[in-house]
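run22.csv follows; it contains CSV, N, CA and C atoms.
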```csv
chain,number,residue,atom,x,y,z
A,296,PHE,N,-19.7,16.8,15.2
A,296,PHE,CA,-18.7,16.3,16.1
A,296,PHE,C,-18.7,14.7,15.9
A,297,ILE,N,-19.8,14.1,15.9
A,297,ILE,CA,-19.9,12.7,15.8
A,297,ILE,C,-19.4,12.2,14.4
A,298,TYR,N,-19.7,13.0,13.4
A,298,TYR,CA,-19.2,12.7,12.1
A,298,TYR,C,-17.6,12.6,12.1
A,299,PHE,N,-17.0,13.6,12.7
A,299,PHE,CA,-15.5,13.7,12.7
A,299,PHE,C,-14.9,12.5,13.5
A,300,LEU,N,-15.6,12.2,14.6
A,300,LEU,CA,-15.1,11.0,15.4
A,300,LEU,C,-15.2,9.7,14.6
A,301,PHE,N,-16.4,9.6,13.9
A,301,PHE,CA,-16.5,8.4,13.1
A,301,PHE,C,-15.4,8.3,12.0
A,302,ASN,N,-15.2,9.4,11.4
A,302,ASN,CA,-14.1,9.5,10.3
A,302,ASN,C,-12.8,9.2,10.9
A,303,PHE,N,-12.5,9.7,12.1
A,303,PHE,CA,-11.2,9.4,12.7
A,303,PHE,C,-11.0,7.9,13.1
A,304,PHE,N,-12.0,7.3,13.7
A,304,PHE,CA,-11.9,6.0,14.1
A,304,PHE,C,-12.0,5.0,13.0
A,305,SER,N,-12.6,5.4,11.8
A,305,SER,CA,-12.6,4.4,10.7
A,305,SER,C,-11.3,4.2,10.1
A,306,PHE,N,-10.3,5.1,10.3
A,306,PHE,CA,-9.0,4.9,9.8
A,306,PHE,C,-8.0,4.3,10.8
A,307,THR,N,-8.5,4.2,12.0
A,307,THR,CA,-7.6,3.6,13.0
A,307,THR,C,-7.4,2.1,12.8
A,308,PRO,N,-6.2,1.5,12.9
A,308,PRO,CA,-5.0,2.1,13.4
A,308,PRO,C,-4.0,2.6,12.3
A,309,TYR,N,-4.5,2.8,11.1
A,309,TYR,CA,-3.6,3.1,10.0
A,309,TYR,C,-3.4,4.6,9.8
A,310,GLN,N,-4.2,5.4,10.4
A,310,GLN,CA,-4.2,6.9,10.2
A,310,GLN,C,-3.1,7.6,10.9
A,311,TYR,N,-2.3,8.3,10.2
A,311,TYR,CA,-1.2,9.1,10.7
A,311,TYR,C,-1.4,10.6,10.4
A,312,THR,N,-2.3,10.9,9.5
A,312,THR,CA,-2.6,12.2,9.1
A,312,THR,C,-4.1,12.4,9.2
A,313,TYR,N,-4.6,13.4,9.8
A,313,TYR,CA,-6.1,13.5,9.9
A,313,TYR,C,-6.6,14.1,8.6
A,314,LEU,N,-7.5,13.3,8.0
A,314,LEU,CA,-8.1,13.7,6.7
A,314,LEU,C,-9.6,14.1,7.0
A,315,ASN,N,-10.0,15.2,6.5
A,315,ASN,CA,-11.4,15.6,6.6
A,315,ASN,C,-11.9,16.1,5.3
A,316,ILE,N,-13.2,16.6,5.3
A,316,ILE,CA,-13.8,17.0,4.0
A,316,ILE,C,-13.1,18.2,3.5
A,317,LEU,N,-12.3,19.0,4.2
A,317,LEU,CA,-11.7,20.2,3.7
A,317,LEU,C,-10.5,19.8,2.8
A,318,ASN,N,-10.0,18.6,2.9
A,318,ASN,CA,-8.9,18.1,2.0
A,318,ASN,C,-9.3,17.6,0.7
A,319,GLY,N,-10.6,17.7,0.3
A,319,GLY,CA,-11.1,17.2,-1.0
A,319,GLY,C,-11.6,15.8,-0.9
A,320,LYS,N,-11.7,15.2,-2.0
A,320,LYS,CA,-12.2,13.8,-2.1
A,320,LYS,C,-11.2,12.8,-1.3
A,321,ILE,N,-11.8,12.0,-0.5
A,321,ILE,CA,-11.0,11.1,0.3
A,321,ILE,C,-10.2,10.1,-0.5
A,322,LYS,N,-10.7,9.7,-1.6
A,322,LYS,CA,-10.0,8.7,-2.5
A,322,LYS,C,-8.7,9.3,-3.0
A,323,ASN,N,-8.6,10.6,-3.1
A,323,ASN,CA,-7.4,11.3,-3.6
A,323,ASN,C,-6.4,11.7,-2.5
A,324,GLY,N,-6.7,11.3,-1.3
A,324,GLY,CA,-5.9,11.7,-0.1
A,324,GLY,C,-4.5,11.1,-0.2
A,325,TYR,N,-4.3,10.0,-1.0
A,325,TYR,CA,-3.0,9.4,-1.1
A,325,TYR,C,-2.0,10.3,-1.8
A,326,LYS,N,-2.6,11.3,-2.6
A,326,LYS,CA,-1.7,12.3,-3.3
A,326,LYS,C,-1.2,13.4,-2.4
A,327,LYS,N,-1.8,13.5,-1.2
A,327,LYS,CA,-1.4,14.6,-0.3
A,327,LYS,C,-0.6,14.2,0.9
A,328,PHE,N,-0.8,13.0,1.3
A,328,PHE,CA,-0.1,12.5,2.5
A,328,PHE,C,0.3,11.0,2.4
A,329,GLU,N,1.3,10.6,3.1
A,329,GLU,CA,1.6,9.2,3.2
A,329,GLU,C,0.8,8.7,4.4
A,330,ASN,N,-0.4,8.1,4.0
A,330,ASN,CA,-1.4,7.8,5.0
A,330,ASN,C,-1.1,6.6,5.9
A,331,ASP,N,-0.2,5.7,5.4
A,331,ASP,CA,0.2,4.5,6.1
A,331,ASP,C,1.7,4.5,6.2
A,332,TYR,N,2.2,5.5,6.8
A,332,TYR,CA,3.7,5.8,6.8
A,332,TYR,C,4.5,4.6,7.3
A,333,TRP,N,4.0,3.9,8.3
A,333,TRP,CA,4.7,2.8,8.9
A,333,TRP,C,4.4,1.5,8.3
A,334,GLY,N,3.5,1.5,7.3
A,334,GLY,CA,3.1,0.2,6.6
A,334,GLY,C,2.4,-0.7,7.5
A,335,ALA,N,1.6,-0.2,8.5
A,335,ALA,CA,0.9,-1.0,9.4
A,335,ALA,C,-0.2,-1.9,8.7
A,336,SER,N,-0.6,-1.5,7.6
A,336,SER,CA,-1.7,-2.3,6.9
A,336,SER,C,-1.2,-3.5,6.1
A,337,ILE,N,0.1,-3.6,6.0
A,337,ILE,CA,0.7,-4.7,5.2
A,337,ILE,C,0.4,-6.1,5.7
A,338,GLY,N,0.4,-6.2,7.0
A,338,GLY,CA,0.0,-7.5,7.6
A,338,GLY,C,-1.5,-7.9,7.2
A,339,ASP,N,-2.4,-7.0,7.3
A,339,ASP,CA,-3.8,-7.2,6.9
A,339,ASP,C,-3.9,-7.5,5.4
A,340,LEU,N,-3.1,-6.8,4.6
A,340,LEU,CA,-3.1,-6.9,3.1
A,340,LEU,C,-2.6,-8.3,2.8
A,341,ILE,N,-1.5,-8.8,3.3
A,341,ILE,CA,-1.1,-10.1,3.0
A,341,ILE,C,-2.0,-11.2,3.5
A,342,LYS,N,-2.6,-11.0,4.6
A,342,LYS,CA,-3.6,-11.9,5.2
A,342,LYS,C,-4.9,-12.0,4.3
A,343,SER,N,-5.2,-10.9,3.6
A,343,SER,CA,-6.4,-10.9,2.8
A,343,SER,C,-6.1,-11.4,1.4
A,344,ALA,N,-4.8,-11.5,1.0
A,344,ALA,CA,-4.5,-12.0,-0.3
A,344,ALA,C,-4.8,-13.5,-0.5
A,345,ASP,N,-5.2,-13.8,-1.7
A,345,ASP,CA,-5.6,-15.2,-1.9
A,345,ASP,C,-4.9,-15.8,-3.1
A,346,PHE,N,-3.6,-15.9,-3.0
A,346,PHE,CA,-2.8,-16.5,-4.1
A,346,PHE,C,-2.7,-18.0,-3.9
A,347,ASN,N,-2.4,-18.7,-4.9
A,347,ASN,CA,-2.2,-20.1,-4.9
A,347,ASN,C,-0.9,-20.3,-4.1
A,348,LYS,N,-0.9,-20.9,-3.0
A,348,LYS,CA,0.3,-21.1,-2.1
A,348,LYS,C,1.2,-22.1,-2.7
A,349,ASN,N,0.8,-22.9,-3.7
A,349,ASN,CA,1.7,-23.9,-4.3
A,349,ASN,C,2.4,-23.4,-5.5
A,350,LYS,N,2.0,-22.2,-6.0
A,350,LYS,CA,2.6,-21.6,-7.2
A,350,LYS,C,3.8,-20.7,-6.8
A,351,ASP,N,4.8,-20.7,-7.7
A,351,ASP,CA,5.9,-19.8,-7.5
A,351,ASP,C,5.5,-18.4,-7.8
A,352,LEU,N,5.7,-17.5,-6.8
A,352,LEU,CA,5.2,-16.1,-6.9
A,352,LEU,C,6.4,-15.2,-6.9
A,353,LYS,N,6.4,-14.1,-7.7
A,353,LYS,CA,7.5,-13.1,-7.7
A,353,LYS,C,6.9,-11.8,-7.3
A,354,PHE,N,7.4,-11.3,-6.2
A,354,PHE,CA,6.9,-10.0,-5.6
A,354,PHE,C,8.0,-8.9,-5.7
A,355,GLY,N,7.5,-7.7,-6.1
A,355,GLY,CA,8.3,-6.5,-6.0
A,355,GLY,C,7.7,-5.7,-4.9
A,356,PHE,N,8.3,-4.6,-4.5
A,356,PHE,CA,7.7,-3.8,-3.4
A,356,PHE,C,8.1,-2.4,-3.6
A,357,CYS,N,7.3,-1.5,-3.1
A,357,CYS,CA,7.5,-0.1,-3.1
A,357,CYS,C,6.9,0.5,-1.8
A,358,GLY,N,7.6,1.3,-1.1
A,358,GLY,CA,7.1,2.0,0.1
A,358,GLY,C,7.1,1.2,1.3
A,359,LEU,N,7.8,0.1,1.4
A,359,LEU,CA,7.8,-0.7,2.6
A,359,LEU,C,9.2,-1.5,2.6
A,360,ASN,N,9.4,-2.1,3.7
A,360,ASN,CA,10.7,-2.8,4.0
A,360,ASN,C,10.5,-4.2,3.4
A,361,GLU,N,11.6,-4.7,2.7
A,361,GLU,CA,11.6,-6.0,2.2
A,361,GLU,C,11.4,-7.1,3.2
A,362,LYS,N,12.0,-6.9,4.4
A,362,LYS,CA,11.9,-8.0,5.5
A,362,LYS,C,10.5,-8.0,6.0
A,363,ILE,N,9.8,-6.9,6.1
A,363,ILE,CA,8.4,-6.9,6.6
A,363,ILE,C,7.6,-7.7,5.6
A,364,LEU,N,7.7,-7.5,4.3
A,364,LEU,CA,7.0,-8.2,3.3
A,364,LEU,C,7.3,-9.7,3.4
A,365,GLU,N,8.5,-10.1,3.5
A,365,GLU,CA,8.9,-11.5,3.6
A,365,GLU,C,8.4,-12.1,4.9
A,366,THR,N,8.4,-11.5,6.0
A,366,THR,CA,7.9,-12.0,7.2
A,366,THR,C,6.4,-12.3,7.1
A,367,PHE,N,5.6,-11.3,6.6
A,367,PHE,CA,4.2,-11.5,6.5
A,367,PHE,C,3.8,-12.6,5.5
A,368,LEU,N,4.6,-12.7,4.4
A,368,LEU,CA,4.3,-13.8,3.5
A,368,LEU,C,4.5,-15.2,4.1
A,369,ILE,N,5.6,-15.3,4.8
A,369,ILE,CA,5.9,-16.6,5.5
A,369,ILE,C,4.8,-16.9,6.6
A,370,GLU,N,4.5,-15.9,7.4
A,370,GLU,CA,3.5,-16.1,8.4
A,370,GLU,C,2.1,-16.5,7.9
A,371,ASN,N,1.8,-16.1,6.6
A,371,ASN,CA,0.5,-16.5,6.1
A,371,ASN,C,0.6,-17.7,5.1
A,372,GLY,N,1.7,-18.5,5.2
A,372,GLY,CA,1.8,-19.7,4.5
A,372,GLY,C,2.3,-19.7,3.1
A,373,TYR,N,2.9,-18.6,2.7
A,373,TYR,CA,3.5,-18.5,1.4
A,373,TYR,C,5.0,-18.9,1.5
A,374,ASN,N,5.3,-20.0,0.9
A,374,ASN,CA,6.7,-20.5,0.9
A,374,ASN,C,7.4,-20.5,-0.4
A,375,ASN,N,6.6,-20.5,-1.5
A,375,ASN,CA,7.2,-20.5,-2.8
A,375,ASN,C,7.2,-19.1,-3.4
A,376,PHE,N,7.9,-18.2,-2.9
A,376,PHE,CA,7.9,-16.9,-3.4
A,376,PHE,C,9.4,-16.4,-3.5
A,377,SER,N,9.6,-15.3,-4.3
A,377,SER,CA,10.8,-14.6,-4.3
A,377,SER,C,10.5,-13.2,-4.4
A,378,ILE,N,11.4,-12.4,-3.7
A,378,ILE,CA,11.3,-10.9,-3.8
A,378,ILE,C,12.3,-10.4,-4.7
A,379,VAL,N,11.9,-9.8,-5.8
A,379,VAL,CA,12.7,-9.4,-6.9
A,379,VAL,C,12.5,-7.9,-7.3
A,380,ASN,N,13.4,-7.4,-8.2
A,380,ASN,CA,13.2,-6.1,-8.7
A,380,ASN,C,11.8,-6.0,-9.3
A,381,ILE,N,11.2,-4.8,-9.3
A,381,ILE,CA,9.8,-4.7,-9.8
A,381,ILE,C,9.8,-5.0,-11.3
A,382,GLU,N,10.9,-4.7,-12.0
A,382,GLU,CA,10.9,-5.0,-13.4
A,382,GLU,C,10.8,-6.5,-13.7
A,383,ASN,N,11.1,-7.4,-12.8
A,383,ASN,CA,11.0,-8.8,-12.9
A,383,ASN,C,9.9,-9.4,-12.1
A,384,ALA,N,9.1,-8.6,-11.5
A,384,ALA,CA,8.0,-9.1,-10.6
A,384,ALA,C,6.7,-9.3,-11.4
A,385,GLU,N,5.9,-10.3,-10.8
A,385,GLU,CA,4.5,-10.5,-11.3
A,385,GLU,C,3.6,-9.5,-10.6
A,386,TYR,N,3.9,-9.3,-9.3
A,386,TYR,CA,3.1,-8.5,-8.4
A,386,TYR,C,3.9,-7.5,-7.7
A,387,VAL,N,3.4,-6.3,-7.4
A,387,VAL,CA,4.1,-5.3,-6.6
A,387,VAL,C,3.2,-5.0,-5.4
A,388,VAL,N,3.8,-5.1,-4.2
A,388,VAL,CA,3.1,-4.8,-3.0
A,388,VAL,C,3.6,-3.4,-2.6
A,389,MET,N,2.6,-2.5,-2.3
A,389,MET,CA,3.0,-1.1,-2.1
A,389,MET,C,2.1,-0.3,-1.1
A,390,THR,N,2.6,0.7,-0.5
A,390,THR,CA,1.9,1.7,0.2
A,390,THR,C,2.0,3.0,-0.7
A,391,ASN,N,1.5,4.1,-0.2
A,391,ASN,CA,1.5,5.3,-1.0
A,391,ASN,C,2.7,6.2,-0.7
A,392,ARG,N,3.8,5.5,-0.4
A,392,ARG,CA,5.1,6.2,-0.1
A,392,ARG,C,5.5,7.1,-1.2
A,393,VAL,N,6.1,8.3,-0.9
A,393,VAL,CA,6.5,9.2,-1.9
A,393,VAL,C,7.9,8.7,-2.4
A,394,VAL,N,8.0,8.7,-3.8
A,394,VAL,CA,9.3,8.2,-4.4
A,394,VAL,C,9.6,9.2,-5.6
A,395,GLU,N,10.8,9.1,-6.1
A,395,GLU,CA,11.1,9.9,-7.2
A,395,GLU,C,10.4,9.3,-8.5
A,396,LYS,N,10.0,10.3,-9.4
A,396,LYS,CA,9.5,9.8,-10.6
A,396,LYS,C,10.6,9.2,-11.5
A,397,GLU,N,10.3,8.2,-12.2
A,397,GLU,CA,11.3,7.5,-13.0
A,397,GLU,C,12.0,8.4,-13.9
A,398,ASN,N,13.3,8.4,-13.9
A,398,ASN,CA,14.1,9.3,-14.8
A,398,ASN,C,14.0,10.8,-14.5
A,399,ASN,N,13.4,11.1,-13.3
A,399,ASN,CA,13.3,12.5,-13.0
A,399,ASN,C,13.4,12.7,-11.4
A,400,TYR,N,14.6,12.8,-10.9
A,400,TYR,CA,14.7,12.8,-9.4
A,400,TYR,C,14.2,14.1,-8.8
A,401,LEU,N,13.8,15.1,-9.6
A,401,LEU,CA,13.3,16.3,-9.0
A,401,LEU,C,11.8,16.3,-8.8
A,402,GLU,N,11.1,15.4,-9.4
A,402,GLU,CA,9.6,15.3,-9.3
A,402,GLU,C,9.3,14.1,-8.4
A,403,LEU,N,8.5,14.3,-7.4
A,403,LEU,CA,8.1,13.3,-6.5
A,403,LEU,C,6.6,12.8,-6.8
A,404,ILE,N,6.4,11.5,-6.7
A,404,ILE,CA,5.1,11.0,-6.9
A,404,ILE,C,5.0,9.8,-5.9
A,405,SER,N,3.8,9.2,-5.8
A,405,SER,CA,3.6,8.1,-4.9
A,405,SER,C,3.9,6.8,-5.6
A,406,CYS,N,4.1,5.7,-4.9
A,406,CYS,CA,4.3,4.4,-5.5
A,406,CYS,C,3.0,4.1,-6.3
A,407,PHE,N,1.8,4.5,-5.8
A,407,PHE,CA,0.6,4.2,-6.6
A,407,PHE,C,0.6,4.7,-8.0
A,408,ASP,N,1.2,5.9,-8.1
A,408,ASP,CA,1.2,6.6,-9.4
A,408,ASP,C,2.4,6.1,-10.2
A,409,ARG,N,3.5,5.7,-9.6
A,409,ARG,CA,4.6,5.3,-10.4
A,409,ARG,C,4.5,4.0,-11.1
A,410,TYR,N,3.8,3.0,-10.4
A,410,TYR,CA,3.6,1.7,-11.0
A,410,TYR,C,2.1,1.4,-11.3
A,411,SER,N,1.9,1.4,-12.6
A,411,SER,CA,0.5,1.2,-13.0
A,411,SER,C,0.2,-0.3,-13.1
A,412,GLY,N,-1.1,-0.6,-13.1
A,412,GLY,CA,-1.6,-2.0,-13.1
A,412,GLY,C,-2.9,-2.1,-12.5
A,413,ASN,N,-3.4,-3.4,-12.4
A,413,ASN,CA,-4.7,-3.6,-11.7
A,413,ASN,C,-4.4,-4.1,-10.3
A,414,ASP,N,-5.2,-3.5,-9.4
A,414,ASP,CA,-5.1,-3.9,-8.0
A,414,ASP,C,-5.9,-5.2,-7.8
A,415,LEU,N,-5.2,-6.2,-7.2
A,415,LEU,CA,-5.8,-7.5,-6.9
A,415,LEU,C,-6.4,-7.5,-5.5
A,416,PHE,N,-5.6,-7.0,-4.5
A,416,PHE,CA,-6.0,-7.0,-3.1
A,416,PHE,C,-5.6,-5.6,-2.6
A,417,SER,N,-6.5,-5.0,-1.8
A,417,SER,CA,-6.2,-3.7,-1.2
A,417,SER,C,-6.8,-3.6,0.2
A,418,ILE,N,-6.1,-2.8,1.0
A,418,ILE,CA,-6.7,-2.4,2.3
A,418,ILE,C,-7.1,-0.9,2.2
A,419,LYS,N,-8.4,-0.7,2.4
A,419,LYS,CA,-9.0,0.6,2.2
A,419,LYS,C,-9.8,1.0,3.5
A,420,ARG,N,-9.8,2.3,3.7
A,420,ARG,CA,-10.6,2.9,4.8
A,420,ARG,C,-11.3,4.1,4.2
A,421,ASN,N,-12.7,4.1,4.2
A,421,ASN,CA,-13.5,5.2,3.7
A,421,ASN,C,-13.1,5.4,2.2
A,422,GLY,N,-12.8,4.4,1.5
A,422,GLY,CA,-12.5,4.6,0.0
A,422,GLY,C,-11.0,5.0,-0.2
A,423,LEU,N,-10.2,5.2,0.8
A,423,LEU,CA,-8.8,5.6,0.6
A,423,LEU,C,-8.0,4.3,0.7
A,424,VAL,N,-7.2,4.0,-0.4
A,424,VAL,CA,-6.4,2.9,-0.5
A,424,VAL,C,-5.1,3.1,0.4
A,425,LEU,N,-4.9,2.3,1.3
A,425,LEU,CA,-3.7,2.4,2.2
A,425,LEU,C,-2.5,1.6,1.7
A,426,SER,N,-2.8,0.4,1.3
A,426,SER,CA,-1.8,-0.5,0.7
A,426,SER,C,-2.5,-1.4,-0.3
A,427,THR,N,-1.7,-1.9,-1.3
A,427,THR,CA,-2.3,-2.7,-2.3
A,427,THR,C,-1.3,-3.7,-2.9
A,428,ILE,N,-1.8,-4.8,-3.5
A,428,ILE,CA,-1.0,-5.7,-4.3
A,428,ILE,C,-1.5,-5.5,-5.7
A,429,ARG,N,-0.6,-5.2,-6.6
A,429,ARG,CA,-1.0,-4.8,-8.0
A,429,ARG,C,-0.3,-5.8,-8.9
A,430,VAL,N,-1.0,-6.2,-10.0
A,430,VAL,CA,-0.4,-6.9,-11.1
A,430,VAL,C,0.4,-5.9,-11.9
A,431,VAL,N,1.7,-6.2,-12.1
A,431,VAL,CA,2.6,-5.3,-12.8
A,431,VAL,C,2.3,-5.3,-14.3
A,432,ASN,N,2.2,-4.1,-14.9
A,432,ASN,CA,2.1,-4.0,-16.3
A,432,ASN,C,3.4,-4.0,-17.0
```
Mind turning this structure into structure tokens?
Amino acid sequence: FIYFLFNFFSFTPYQYTYLNILNGKIKNGYKKFENDYWGASIGDLIKSADFNKNKDLKFGFCGLNEKILETFLIENGYNNFSIVNIENAEYVVMTNRVVEKENNYLELISCFDRYSGNDLFSIKRNGLVLSTIRVVN
């Protein structure tokens, strides 16, 4: 019982789906559920980012609202940024929202699987990535 309570509280306030050991490896939980459906971890993600605030930055996004991203960037001192299509972005900010696979609207995947690249900053709980900023390949 204590183990399950610990697991539950370690995801708070980002957990919207209860994940336990019966669901398989926790790091693959993003493939089963939208674990940060409301994007509550985006504020912490932007706060933990350490970009040069004097450099022009181009952000794309997947799985969250553009205005939320813009608001958190401004609140954290980023003024030289633009929010662009992912094809033109240097970085993509994302949650594991379910989206259509590129060129195949019948197959659904998460933003994490759709856009490959290296994660620079991430918000994780128990090894499960809730949101990330990725360098676009």
Where in chain A does DSSP assign strand (DSSP E), given as a PyMOL selection string? chain A and resi 352-357+376-378+386-390+393-396+399-405+412-420+423-431
Restricting the calculation to only C-alpha atoms, which member of A:Cys357, A:Val379, A:Val424, A:Leu368 is positioned closest to Ala344 of chain A? A:Leu368
Selection: 10 Å around Met389 of chain A, only C-alpha atoms, excl. self and same-chain fewer than 6 positions, as a ChimeraX atom specification: /A:334,337,340,355-360,364,405-407,410,417,425-429
Using backbone DSSP assignments, extract all alpha helix (DSSP H) residues from segment 335-382 of chain A; output them as a list in words.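 Reading the DSSP output for segment 335-382 of chain A, alpha helix (DSSP H) covers Ile337, Gly338, Asp339, Leu340, Ile341, Lys342, Ser343, Glu361, Lys362, Ile363, Leu364, Glu365, Thr366, Phe367, Leu368, Ile369 and Glu370 of chain A.
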Restricting the calculation to only N, CA and C atoms: of A:Phe301, A:Glu397, A:Ile418, A:Val430, which residue gets closest to Asp339 of chain A? A:Ile418
Could you work out how far atom CA of Leu352 of chain A lies from atom CA of Phe376 of chain A, giving the answer in Å with one decimal?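 Between these atoms lies a distance of 4.5 Å.
Taking all atoms listed in the file into account, Val431 of chain A lies nearest to A:Gly412 out of the set A:Glu370, A:Gly412, A:Lys353, A:Asn391.
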Quick one: of A:Ser343, A:Asn349, A:Glu395, A:Phe303, who's nearest to Tyr373 of chain A, counting all atoms listed in the file?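 Among A:Ser343, A:Asn349, A:Glu395, A:Phe303, it is A:Asn349 that comes nearest to Tyr373 of chain A.
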Point-to-point distance in Å for atom C of Lys348 of chain A and atom N of Asn374 of chain A: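 Separation between atom N of Asn374 of chain A and atom C of Lys348 of chain A: 5.8 Å.
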